[in-house]
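Engineer: There's a structure below that I have some questions on.
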Amino acid sequence: MLLVTYDLWAFVSEHWRELLDGLVNTLKASAIAIAGSLVIGAVLGAARAHRIPVVSQLTAVYVEIIRNTPILVQIFMYFFALPQVGIRLDGFTVAWLSVMIWGGAFNSENFRAGFEAVPFRYREASSALGFSPFGTFLNVTLPIGGRISLPSSINTYISVIKNTSLMYVIGYEELTTTAINISNLSLETLEALSVLAIVYLALVWSLSAGIRVLENRLALPETR
Amino acid sequence: MPDWVEPIARYILTEGLPGTLQVSAIAVVGSAIIGVLFGTLLTIDFRPSRALIRLYVEVFRGLPILVTVFVVYLGLPTVSRSLEFSPLNAAAIALVLWGSAQVAEATRGAVQSIPNEQHEAASALGFGWVGRHRSVILPQALRRLLPPAVGLLVNIVQNSTLAQTIGGIEILQAAKSQSERLTFFPPAGIGEIHAFEIFTGVMILFFLISFPLTRLAAILEKRLVV
């Protein structure tokens with residue numbers, strides 16, 4: 001018979017410092033990646049929606065490469081393969097960079113769909129009012145299309161947070177790596193897994209709830 | 001081509017690829033069966049079953065898949081010895097838990113998108129609940145599920161690389177062990193680093209599997225738009 005002792009409270013009170021550091025690292029990497037993929041998504045999504053030559057085609061190639069290869073292999077590329085060609089990135093850099101590049105690709109598709117959903121007559125009206133093409137984008141397409149793409153882009157950010165757990169493979173001490181490392185030493189496996197499940201579900205569920213609130217608050221007047 | 005390429009490519013394709021295919025096949029079949037069943041049950045107005053399945057769906061969609069992999073591979077054996085799985089099977093089970101949650105949610109949407117008249121017409125023809133769903137509702141709903149199902153297949157194949165994290169020999173693990181072997185001095189290796197070429201090859205391999213499927217999903221999606 002296997003002897004199973006389960007004491008979540010003892011586990012947390014003994015290891016809360018390391019776990020908190022891990023969570024902070026998860027949040028730091030996620031925050032940088034989310035901000036970066038927001039910018040990448042908006043800029044490249046706009047280039048795609050407006051069919052800007054060269055940039056638009058290069059974006060399509062970027063999106064297809066990221067979408068059609070596993071993110072774990074991408075992380076291996078940055079951490080294990082790039083040093084061979086003289087590019088050495090530390091764990092933290094790979095952590096935010098890999099999920100930022102991944103999230104940026106998905107986000108550029110989200111924004112492209114949002115921008116393309118803005119009716120053409122809005123842009124016509126805007127140029128009739130004397131806005132330059134860039135002014136039209138900034139004042140009409142971005143605020144309206146951005147709102148249309150908000151739910152799908154928040155879903156991408158949720159995936160970005162979840163994907164930071166993959167930094168386990170490069171040993172970067174975010175939440176998952178920290179909890180698994182502790183459990184390898186203390187054998188409190190179930191406690192460590194419980195902490196992971198509770199923290200990730202709390203993060204993901206509260207963001208999903210946030211989407212629903214935002215969807216209502218930011219819905220375009222005609223769809224409300 | 002240099003001498004080291006051929007044996008490594010062969011190892012990845014004969015030792016790694018079958019692992020990836022094994023995990024993907026189990027995950028696809030398991031997700032489809034459990035997901036369609038749970039998704040259909042979600043449309044029934046019976047609170048206890050709906051609440052339980054909803055919890056299942058939200059938990060396994062919410063957790064990072066890596067955490068689910070660890071729960072299956074590290075967590076279950078501490079509960080009971082009989083729940084010990086090989087790395088490839090543990091990864092496959094974790095992908096079934098995640099994939100079936102995705103399929104259940106999609107199935108619920110597809111079943112509820114079938115107009116109520118279809119239910120009524122089927123009942124009028126004398127079908128019971130099971131016959132109505134088996135012969136009338138699900139055949140229509142499953143066609144609407146086709147494009148997201150192809151997308152899920154791509155995700156499952158890509159996420160089968162998670163088996164690497166627990167030592168399952170699939171494409172990525174095969175490539176990693178070979179790229180490490182090369183760095184050893186002869187006779188084991190050749191004392192050279194070729195990680196860049198090897199992992200680029202792995203990316204190309206996955207791209208060749210995924211790209212036709214994502215194209216197919218896009219085409220199916222366009223065809224279903226009336």
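Convention: chains lettered A, B, ... in structure tokens order; per-chain residue numbering from 1; ligands numbered from 1 as shown.
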Can you tell me, as a list in words, what residues are no more than 9 Å from Val24 of chain A when counting only C-alpha atoms, ignoring any on the same chain fewer than 5 positions away?

Structural biologist: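 So the residues in contact are Leu19, Ala29, Glu174 and Leu175 of chain A.
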
Engineer: Counting only C-alpha atoms, which residues from chain A have an atom at most 6 Å from any atom of chain B, and could you show them as a list in words?

Structural biologist: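 Every residue of chain A that passes the 6 Å test is in Asn68, Thr69, Pro70, Ala81, Lys162, Leu190, Leu201 and Val204 of chain A.
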
Engineer: Could you dump the residues just selected with C-alpha atoms as a compact mmCIF listing (two decimals), in the first residue's frame?

Structural biologist:
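File written: part_19.txt
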# COMPACT_ATOMS: atom_id res chain seq x y z
CA ASN A 68 2.37 25.40 -37.98
CA THR A 69 5.23 24.51 -35.65
CA PRO A 70 4.92 23.51 -31.98
CA ALA A 81 19.92 26.05 -31.33
CA LYS A 162 -0.38 29.37 -19.97
CA LEU A 190 0.17 16.32 -5.07
CA LEU A 201 -7.11 28.31 -12.93
CA VAL A 204 -7.26 31.97 -16.45

Engineer: List as a compact mmCIF listing (two decimals) with C-alpha atoms, in the first residue's frame the protein and nucleic acid residues near segment 130-145 of chain B, meaning an atom at most 10 Å away when only C-alpha atoms are counted, but skip any in the same chain fewer than 5 places from it.

Structural biologist:
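Result saved to selection-v3.txt:
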# COMPACT_ATOMS: atom_id res chain seq x y z
CA VAL B 36 -18.87 14.48 -28.50
CA THR B 40 -24.15 16.32 -26.26
CA VAL B 103 -14.47 19.08 -28.42
CA ALA B 106 -17.50 22.92 -29.69
CA THR B 107 -20.07 20.10 -29.84
CA ARG B 108 -22.37 21.90 -27.43
CA GLY B 109 -22.27 24.96 -29.69
CA ALA B 110 -22.86 22.89 -32.82
CA VAL B 111 -25.74 20.88 -31.33
CA GLN B 112 -27.42 24.03 -30.05
CA SER B 113 -27.03 25.65 -33.48
CA ILE B 114 -29.37 23.03 -34.96
CA PRO B 115 -32.83 24.64 -35.10
CA ASN B 116 -35.46 23.40 -32.68
CA GLN B 118 -35.35 19.56 -36.36
CA HIS B 119 -35.87 18.17 -32.86
CA GLU B 120 -39.63 18.55 -33.17
CA ALA B 121 -39.80 16.99 -36.63
CA ALA B 122 -37.71 14.03 -35.47
CA SER B 123 -39.92 13.55 -32.40
CA LEU B 125 -41.54 10.92 -36.69
CA VAL B 150 -9.14 19.75 -38.26
CA LEU B 220 -13.62 23.76 -45.03
CA GLU B 221 -14.50 26.89 -43.11
CA LEU B 224 -19.47 26.07 -44.82

Engineer: From a DSSP pass on the backbone, collect the residues of segment 19-220 of chain B flagged as helix (DSSP H, G or I) and hand them back as a PyMOL selection string.

Structural biologist: chain B and resi 19-42+47-62+65-79+81-83+87-112+116-124+129-166+171-182+195-220

Engineer: Kindly give the distance, in Å, that separates atom CA of Glu109 of chain A and atom CA of Pro143 of chain A, rounded to a single decimal.

Structural biologist: 16.7 Å

Engineer: I'd like the interatomic distance between atom CA of Asn89 of chain B and atom CA of Tyr56 of chain B, to a tenth of an Å.

Structural biologist: 20.3 Å

Engineer: From the list B:Glu6, B:Tyr11, B:Lys222, B:Tyr73, which residue is nearest Leu193 of chain A when using only C-alpha atoms?

Structural biologist: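 Between B:Glu6, B:Tyr11, B:Lys222, B:Tyr73, the residue approaching Leu193 of chain A most closely is B:Tyr73.
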
Engineer: Could you name the residues that touch Thr176 of chain A at 12 Å or less, counting only C-alpha atoms, but leaving out those on the same chain fewer than 2 positions away, as a VMD selection string?

Structural biologist: (chain A and resid 18 to 26 161 to 174 178 to 183 192 to 200) or (chain B and resid 63 to 71)

Engineer: Dump C-alpha atoms for the selected residues as a PDB file, in the first residue's frame?

Structural biologist:
ATOM      1  CA  GLU A  18       9.835  30.338  -3.677  1.00  0.00           C
ATOM      2  CA  LEU A  19       6.353  29.839  -5.107  1.00  0.00           C
ATOM      3  CA  LEU A  20       5.671  33.565  -4.951  1.00  0.00           C
ATOM      4  CA  ASP A  21       8.980  34.280  -6.723  1.00  0.00           C
ATOM      5  CA  GLY A  22       7.942  31.776  -9.368  1.00  0.00           C
ATOM      6  CA  LEU A  23       4.551  33.398  -9.797  1.00  0.00           C
ATOM      7  CA  VAL A  24       6.188  36.831 -10.069  1.00  0.00           C
ATOM      8  CA  ASN A  25       8.481  35.495 -12.814  1.00  0.00           C
ATOM      9  CA  THR A  26       5.484  34.003 -14.630  1.00  0.00           C
ATOM     10  CA  ILE A 161       0.252  33.105 -19.805  1.00  0.00           C
ATOM     11  CA  LYS A 162      -0.380  29.368 -19.973  1.00  0.00           C
ATOM     12  CA  ASN A 163       2.512  28.877 -22.396  1.00  0.00           C
ATOM     13  CA  THR A 164       5.011  30.444 -20.004  1.00  0.00           C
ATOM     14  CA  SER A 165       4.707  27.117 -18.123  1.00  0.00           C
ATOM     15  CA  LEU A 166       6.683  25.577 -21.007  1.00  0.00           C
ATOM     16  CA  MET A 167       9.804  27.386 -19.721  1.00  0.00           C
ATOM     17  CA  TYR A 168      10.129  24.280 -17.562  1.00  0.00           C
ATOM     18  CA  VAL A 169      12.109  22.754 -20.474  1.00  0.00           C
ATOM     19  CA  ILE A 170      14.782  25.451 -20.254  1.00  0.00           C
ATOM     20  CA  GLY A 171      14.787  25.468 -16.448  1.00  0.00           C
ATOM     21  CA  TYR A 172      13.649  29.080 -16.110  1.00  0.00           C
ATOM     22  CA  GLU A 173      12.222  29.405 -12.615  1.00  0.00           C
ATOM     23  CA  GLU A 174       8.685  30.473 -13.303  1.00  0.00           C
ATOM     24  CA  THR A 178       9.545  26.170  -9.235  1.00  0.00           C
ATOM     25  CA  ALA A 179       6.695  23.940  -8.049  1.00  0.00           C
ATOM     26  CA  ILE A 180       7.975  20.836  -9.859  1.00  0.00           C
ATOM     27  CA  ASN A 181      11.522  21.404  -8.586  1.00  0.00           C
ATOM     28  CA  ILE A 182      10.249  21.680  -4.996  1.00  0.00           C
ATOM     29  CA  SER A 183       8.185  18.510  -5.375  1.00  0.00           C
ATOM     30  CA  ALA A 192       2.791  21.068  -5.728  1.00  0.00           C
ATOM     31  CA  LEU A 193       0.361  20.087  -8.491  1.00  0.00           C
ATOM     32  CA  SER A 194      -2.546  21.482  -6.454  1.00  0.00           C
ATOM     33  CA  VAL A 195      -0.792  24.839  -6.122  1.00  0.00           C
ATOM     34  CA  LEU A 196      -0.174  24.906  -9.885  1.00  0.00           C
ATOM     35  CA  ALA A 197      -3.773  24.019 -10.688  1.00  0.00           C
ATOM     36  CA  ILE A 198      -5.238  26.573  -8.252  1.00  0.00           C
ATOM     37  CA  VAL A 199      -3.013  29.448  -9.362  1.00  0.00           C
ATOM     38  CA  TYR A 200      -3.355  28.841 -13.111  1.00  0.00           C
TER      39      TYR A 200
ATOM     40  CA  LEU B  63      -4.935  24.416 -17.094  1.00  0.00           C
ATOM     41  CA  PRO B  64      -1.748  24.717 -19.126  1.00  0.00           C
ATOM     42  CA  ILE B  65      -1.478  21.334 -20.878  1.00  0.00           C
ATOM     43  CA  LEU B  66       1.973  20.862 -19.357  1.00  0.00           C
ATOM     44  CA  VAL B  67       0.420  20.965 -15.876  1.00  0.00           C
ATOM     45  CA  THR B  68      -2.137  18.340 -16.952  1.00  0.00           C
ATOM     46  CA  VAL B  69       0.750  16.213 -18.259  1.00  0.00           C
ATOM     47  CA  PHE B  70       2.426  16.448 -14.843  1.00  0.00           C
ATOM     48  CA  VAL B  71      -0.839  15.659 -13.047  1.00  0.00           C
TER      49      VAL B  71
END

Engineer: Could you work out how far atom CA of Glu84 of chain B lies from atom CA of Gly19 of chain B, giving the answer in Å with one decimal?

Structural biologist: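 About the pair atom CA of Gly19 of chain B and atom CA of Glu84 of chain B: they are 18.3 Å apart.
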